[in-house]
Structure formats: C-alpha cells, structure tokens
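Colleague: Before I ask anything, let me first share the structure, which is written out below as structure tokens.
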Amino acid sequence: MNIPLEHILLLSAVLFSIGVLAVITKRHAVVVLMGIELIFNAANLNLVAFSRHDPQLLQGQLFSLFVIVVAAAEAAVALAIVLRVYQHFKTANLNEIATDQ
Amino acid sequence: MLFYIFAALAIVSGAYMVLTRNLLYAGFSLLITLLSVAGIYVLLFADFIAVTQLMVYVGGVLVLILFGIMLSCRVHDKSVLSENVNTVWGALVAGLIVVGLSYSILKANISSLPWLQPTEITVLGDQKSTVQTIGIKLMTDFVLPFEIASLLLLIALMGAAYIATDRQKV
C-alpha cells in the first residue's frame with residue numbers, strides 16, 4: 001500500500017498543532033511536557049515519511065532514532081526538575097511558580 | 001486504509017489529551033496517540049523505529065510521565081485536575097499553525113518534486129527488515145552520533161538521579 005506523502009505530512013501538522021495547543025493552554029508542568037513529546041512525535045513522523053524516498057537508504061530513520069534518544073533524556077531530566085520544583089514550591093502549576101519569588 | 005484508522009485514532013486521542021482536565025486521562029490518551037504513531041511507522045516500512053517507539057515512549061517516557069503526575073499532585077485532591085488558561089490564544093495559534101502548514105503542504109505539490117520521483121517502494125530491496133541496514137549504518141556512517149548519544153544518556157541518567165534526590169532527608 002502506497003500512502004500519499006501529503007497525508008502523512010498533514011497528519012504530522014495536526015499532531016504538531018495539538019502539541020503546541022497543549023503547551024500553550026495547560027498550566028501543569030507534566031502536561032506541558034506531554035505536549036512537547038507530541039511535537040517530537042510529529043517531527044519524527046516527517047523524518048520517517050521522507051526516509052521512504054531516500055535513495056541512500058534510511059537516513060531519516062536513523063535521524064528519528066537519535067530524536068527518540070534525545071527525547072527520552074529530555075523527559076527524564078525534565079521530570080526530575082518538576083519533582084524538585086514540586087518539593088520546593090508545593091505545586092507544579094507553572095503560573096503559581098512564576099508569581100512566587 | 002489502515003493508515004487512516006491509525007491517523008484518526010492519533011488525532012482523536014491527541015485532541016482528547018488537550019481537552020480533558022484530568023491529568024491521568026491525558027496521560028492515557030497520550031498512550032493511545034503514541035501507539036497509533038508506532039502503527040503508522042510499521043506502515044511506513046520503519047519496523048525498527050516502531051519497536052523503538054514502543055519500548056522508549058510507551059514503555060519508558062509514558063511511565064515516567066505517569067510517575068510525575070502521581071508524585072506532583074497533592075494527596076488530598078481526590079481527582080488530579082488542571083485548569084486551562086490562554087484558551088483563545090492557544091486555539092488561535094494552533095489553528096494558524098495547522099492552516100498554514102496544510103496550505104503550504106497542499107501548495108507545495110510534493111509528489112512532483114524531482115528528488116521524490118523514485119517513489120517505488122523498493123526501499124528494503126530483497127531483505128525483509130531494516131534492522132540490518134540500521135545496524136551497519138550505526139557502526140559506520142553514524143558512529144560518532146551513536147557514541148555521543150550514549151554519552152548524553154549517561155549524563156542525563158546521572159543528572160536526573162542527582163536532581164531528584166531529596167537532600168534534606170539523606
């Protein structure tokens with residue numbers, strides 16, 4: 001089955017905008033992180049989709065592999081920071097953290 | 001046809017992740033989105049990436065996020081809720097992004113680009129999986145990024161463990 005490239009790009013555009021919407025509208029730090037993961041996935045989808053047309057074979061897939069590695073490291077460090085912030089401020093709400101001195 | 005089912009599943013559960021106020025529901029709908037994206041990877045002849053997505057995202061990152069939700073919510077709250085802010089601006093920006101991207105994707109006429117012309121699916125040639133090619137590429141052309149990625153993972157592991165340690169109690 002040959003999926004048209006435009007449809008994959010449209011899907012990843014929609015996923016990207018959903019991730020941006022989550023980052024903008026949500027105020028809990030963990031949900032903002034989930035939006036960022038969605039943005040990573042949208043980018044990965046594009047890389048894999050274009051890798052299908054790569055005559056030199058699979059450069060896009062290798063790149064998306066490294067994106068997944070960096071996303072995993074980022075999630076681990078960011079969640080550790082969220083936990084420290086929660087222990088310090090007793091809240092994970094980004095607005096309340098910003099107004100606290 | 002399978003692609004459209006997975007795409008609809010990803011978009012619907014992603015939208016539910018944004019619309020719901022319950023953090024745990026958001027986490028589990030993100031699970032469905034990541035699983036659908038893994039299915040789409042399989043349809044795009046990226047089996048190794050699909051398995052990596054399953055193991056790293058579904059098995060690792062999502063469990064981390066659920067732990068983060070559990071540990072960063074007050075215990076006396078019965079439900080783990082979070083309010084939405086900036087809904088008008090957020091919807092405006094996201095709508096502009098999706099409209100602009102869709103317009104440019106449809107305008108670009110991608111299927112007529114010269115470097116995308118050999119769209120024949122002979123990517124894998126006579127072999128059935130991408131694992132061998134990816135392994136050879138990782139050890140030859142991409143060996144420096146591979147080593148740097150391992151270093152990055154080690155640093156992230158040490159940093160996360162150091163940051164998350166409660167130094168008052170120790």
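Identifiers in this document derive from the order of the structure tokens: chains are assigned A, B, ..., residues are numbered from 1 separately in each chain, and ligands are numbered from 1 in order of occurrence.
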Dump as a Markdown table the rows for residues of range 5-47 of chain B within 10 Å of range 16-31 of chain A: closest atom pair and distance in Å with one decimal, only C-alpha atoms counted, ordered by chain and rising residue number.

Modeller:
| residue | atom | partner | partner_atom | distance |
| --- | --- | --- | --- | --- |
| B:Ile11 | CA | A:Ile18 | CA | 8.3 |
| B:Gly14 | CA | A:Ile18 | CA | 6.6 |
| B:Ala15 | CA | A:Ile18 | CA | 6.5 |
| B:Tyr16 | CA | A:Ile18 | CA | 9.8 |
| B:Met17 | CA | A:Ala22 | CA | 8.0 |
| B:Val18 | CA | A:Ala22 | CA | 5.5 |
| B:Leu19 | CA | A:Ala22 | CA | 8.8 |
| B:Arg21 | CA | A:Lys26 | CA | 9.0 |
| B:Leu23 | CA | A:Val31 | CA | 7.2 |
| B:Leu24 | CA | A:Val31 | CA | 9.8 |
| B:Ala26 | CA | A:Val31 | CA | 7.7 |
| B:Gly27 | CA | A:Val31 | CA | 8.1 |

Colleague: Going by DSSP on the backbone, which residues of chain A come out as helix (DSSP H, G or I)? List them as a VMD selection string.

Modeller: chain A and resid 5 to 25 29 to 51 59 to 89 94 to 99

Colleague: Those selected residues, please, written with C-alpha atoms and delivered as a PDB file, in the first residue's frame.

Modeller:
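Okay, result.pdb is ready:
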ATOM      1  CA  LEU A   5       3.204  11.695   1.328  1.00  0.00           C
ATOM      2  CA  GLU A   6       0.852  14.655   1.695  1.00  0.00           C
ATOM      3  CA  HIS A   7      -1.450  12.740   4.017  1.00  0.00           C
ATOM      4  CA  ILE A   8       1.400  11.848   6.356  1.00  0.00           C
ATOM      5  CA  LEU A   9       2.584  15.460   6.366  1.00  0.00           C
ATOM      6  CA  LEU A  10      -0.938  16.676   7.115  1.00  0.00           C
ATOM      7  CA  LEU A  11      -1.255  14.205   9.982  1.00  0.00           C
ATOM      8  CA  SER A  12       2.025  15.369  11.448  1.00  0.00           C
ATOM      9  CA  ALA A  13       0.981  19.023  11.052  1.00  0.00           C
ATOM     10  CA  VAL A  14      -2.195  18.298  13.035  1.00  0.00           C
ATOM     11  CA  LEU A  15      -0.240  16.433  15.735  1.00  0.00           C
ATOM     12  CA  PHE A  16       2.243  19.323  15.939  1.00  0.00           C
ATOM     13  CA  SER A  17      -0.524  21.876  16.410  1.00  0.00           C
ATOM     14  CA  ILE A  18      -2.154  19.722  19.093  1.00  0.00           C
ATOM     15  CA  GLY A  19       1.189  19.647  20.892  1.00  0.00           C
ATOM     16  CA  VAL A  20       1.522  23.442  20.613  1.00  0.00           C
ATOM     17  CA  LEU A  21      -2.033  23.806  21.924  1.00  0.00           C
ATOM     18  CA  ALA A  22      -1.183  21.626  24.939  1.00  0.00           C
ATOM     19  CA  VAL A  23       1.979  23.631  25.649  1.00  0.00           C
ATOM     20  CA  ILE A  24       0.114  26.954  25.481  1.00  0.00           C
ATOM     21  CA  THR A  25      -3.116  26.135  27.293  1.00  0.00           C
ATOM     22  CA  ALA A  29       4.189  21.200  34.094  1.00  0.00           C
ATOM     23  CA  VAL A  30       3.795  17.491  33.299  1.00  0.00           C
ATOM     24  CA  VAL A  31       1.080  18.153  30.715  1.00  0.00           C
ATOM     25  CA  VAL A  32       3.304  20.747  29.052  1.00  0.00           C
ATOM     26  CA  LEU A  33       5.920  18.006  28.837  1.00  0.00           C
ATOM     27  CA  MET A  34       3.374  15.693  27.218  1.00  0.00           C
ATOM     28  CA  GLY A  35       2.707  18.361  24.586  1.00  0.00           C
ATOM     29  CA  ILE A  36       6.426  18.560  23.877  1.00  0.00           C
ATOM     30  CA  GLU A  37       6.533  14.777  23.414  1.00  0.00           C
ATOM     31  CA  LEU A  38       3.693  15.109  20.888  1.00  0.00           C
ATOM     32  CA  ILE A  39       5.707  17.721  18.971  1.00  0.00           C
ATOM     33  CA  PHE A  40       8.701  15.359  18.904  1.00  0.00           C
ATOM     34  CA  ASN A  41       6.468  12.622  17.506  1.00  0.00           C
ATOM     35  CA  ALA A  42       5.167  14.884  14.752  1.00  0.00           C
ATOM     36  CA  ALA A  43       8.731  15.713  13.693  1.00  0.00           C
ATOM     37  CA  ASN A  44       9.687  12.028  13.788  1.00  0.00           C
ATOM     38  CA  LEU A  45       6.744  11.141  11.569  1.00  0.00           C
ATOM     39  CA  ASN A  46       8.003  13.561   8.924  1.00  0.00           C
ATOM     40  CA  LEU A  47      11.524  12.146   9.089  1.00  0.00           C
ATOM     41  CA  VAL A  48      10.304   8.569   8.685  1.00  0.00           C
ATOM     42  CA  ALA A  49       7.941   9.553   5.873  1.00  0.00           C
ATOM     43  CA  PHE A  50      10.711  11.196   3.859  1.00  0.00           C
ATOM     44  CA  SER A  51      13.096   8.346   4.654  1.00  0.00           C
ATOM     45  CA  GLN A  59      18.995   8.337   6.790  1.00  0.00           C
ATOM     46  CA  GLY A  60      15.691   9.760   8.010  1.00  0.00           C
ATOM     47  CA  GLN A  61      15.023   6.698  10.132  1.00  0.00           C
ATOM     48  CA  LEU A  62      18.453   6.947  11.748  1.00  0.00           C
ATOM     49  CA  PHE A  63      17.843  10.628  12.450  1.00  0.00           C
ATOM     50  CA  SER A  64      14.494   9.858  14.059  1.00  0.00           C
ATOM     51  CA  LEU A  65      16.245   7.234  16.197  1.00  0.00           C
ATOM     52  CA  PHE A  66      18.514   9.945  17.602  1.00  0.00           C
ATOM     53  CA  VAL A  67      15.496  12.212  18.115  1.00  0.00           C
ATOM     54  CA  ILE A  68      13.888   9.468  20.225  1.00  0.00           C
ATOM     55  CA  VAL A  69      17.081   9.136  22.292  1.00  0.00           C
ATOM     56  CA  VAL A  70      17.260  12.879  22.949  1.00  0.00           C
ATOM     57  CA  ALA A  71      13.534  12.976  23.784  1.00  0.00           C
ATOM     58  CA  ALA A  72      13.973  10.204  26.347  1.00  0.00           C
ATOM     59  CA  ALA A  73      16.890  12.007  28.012  1.00  0.00           C
ATOM     60  CA  GLU A  74      14.941  15.275  27.993  1.00  0.00           C
ATOM     61  CA  ALA A  75      11.887  13.651  29.578  1.00  0.00           C
ATOM     62  CA  ALA A  76      13.944  12.100  32.375  1.00  0.00           C
ATOM     63  CA  VAL A  77      15.735  15.343  33.273  1.00  0.00           C
ATOM     64  CA  ALA A  78      12.583  17.474  32.949  1.00  0.00           C
ATOM     65  CA  LEU A  79      10.559  15.190  35.208  1.00  0.00           C
ATOM     66  CA  ALA A  80      13.340  15.247  37.799  1.00  0.00           C
ATOM     67  CA  ILE A  81      13.250  19.063  37.678  1.00  0.00           C
ATOM     68  CA  VAL A  82       9.443  19.029  38.007  1.00  0.00           C
ATOM     69  CA  LEU A  83       9.703  16.845  41.093  1.00  0.00           C
ATOM     70  CA  ARG A  84      12.274  19.177  42.696  1.00  0.00           C
ATOM     71  CA  VAL A  85      10.102  22.202  41.898  1.00  0.00           C
ATOM     72  CA  TYR A  86       7.105  20.447  43.415  1.00  0.00           C
ATOM     73  CA  GLN A  87       9.039  19.665  46.597  1.00  0.00           C
ATOM     74  CA  HIS A  88      10.162  23.286  46.854  1.00  0.00           C
ATOM     75  CA  PHE A  89       7.025  25.218  45.924  1.00  0.00           C
ATOM     76  CA  LEU A  94       3.568  26.968  36.213  1.00  0.00           C
ATOM     77  CA  ASN A  95       1.693  30.219  36.936  1.00  0.00           C
ATOM     78  CA  GLU A  96       1.987  29.866  40.700  1.00  0.00           C
ATOM     79  CA  ILE A  97       5.690  29.117  40.362  1.00  0.00           C
ATOM     80  CA  ALA A  98       6.173  32.234  38.243  1.00  0.00           C
ATOM     81  CA  THR A  99       4.441  34.540  40.721  1.00  0.00           C
TER      82      THR A  99
END

Colleague: If I take CA of Ile148 in chain B and CA of Ile163 in chain B, how far is one from the other in Å, to one decimal?

Modeller: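 Result for CA of Ile148 in chain B versus CA of Ile163 in chain B: 21.9 Å, one decimal.
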
Colleague: So the first atom is CA of Ala7 in chain B and the second is CA of Val37 in chain B; what is the distance between them in Å, to one decimal place?

Modeller: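 Going from CA of Ala7 in chain B over to CA of Val37 in chain B covers 7.7 Å.
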
Colleague: Between CA of Phe48 in chain B and CA of Leu101 in chain B, what is the spacing in Å?

Modeller: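 Atom-to-atom, CA of Leu101 in chain B to CA of Phe48 in chain B, that is 28.4 Å.
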
Colleague: If we count only C-alpha atoms and set the cut-off at 8 Å, which residues sit around range 129-133 of chain B, ignoring sequence neighbours fewer than 4 positions away in its own chain? Please answer as a ChimeraX atom specification.

Modeller: /A:58 /B:45-48,124,137

Colleague: Which residue out of B:Pro114, B:Gly68, B:Gly135, B:Gly100 has the minimum interatomic distance to chain A when only C-alpha atoms are used?

Modeller: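 Closest to chain A, using only C-alpha atoms: B:Gly68.
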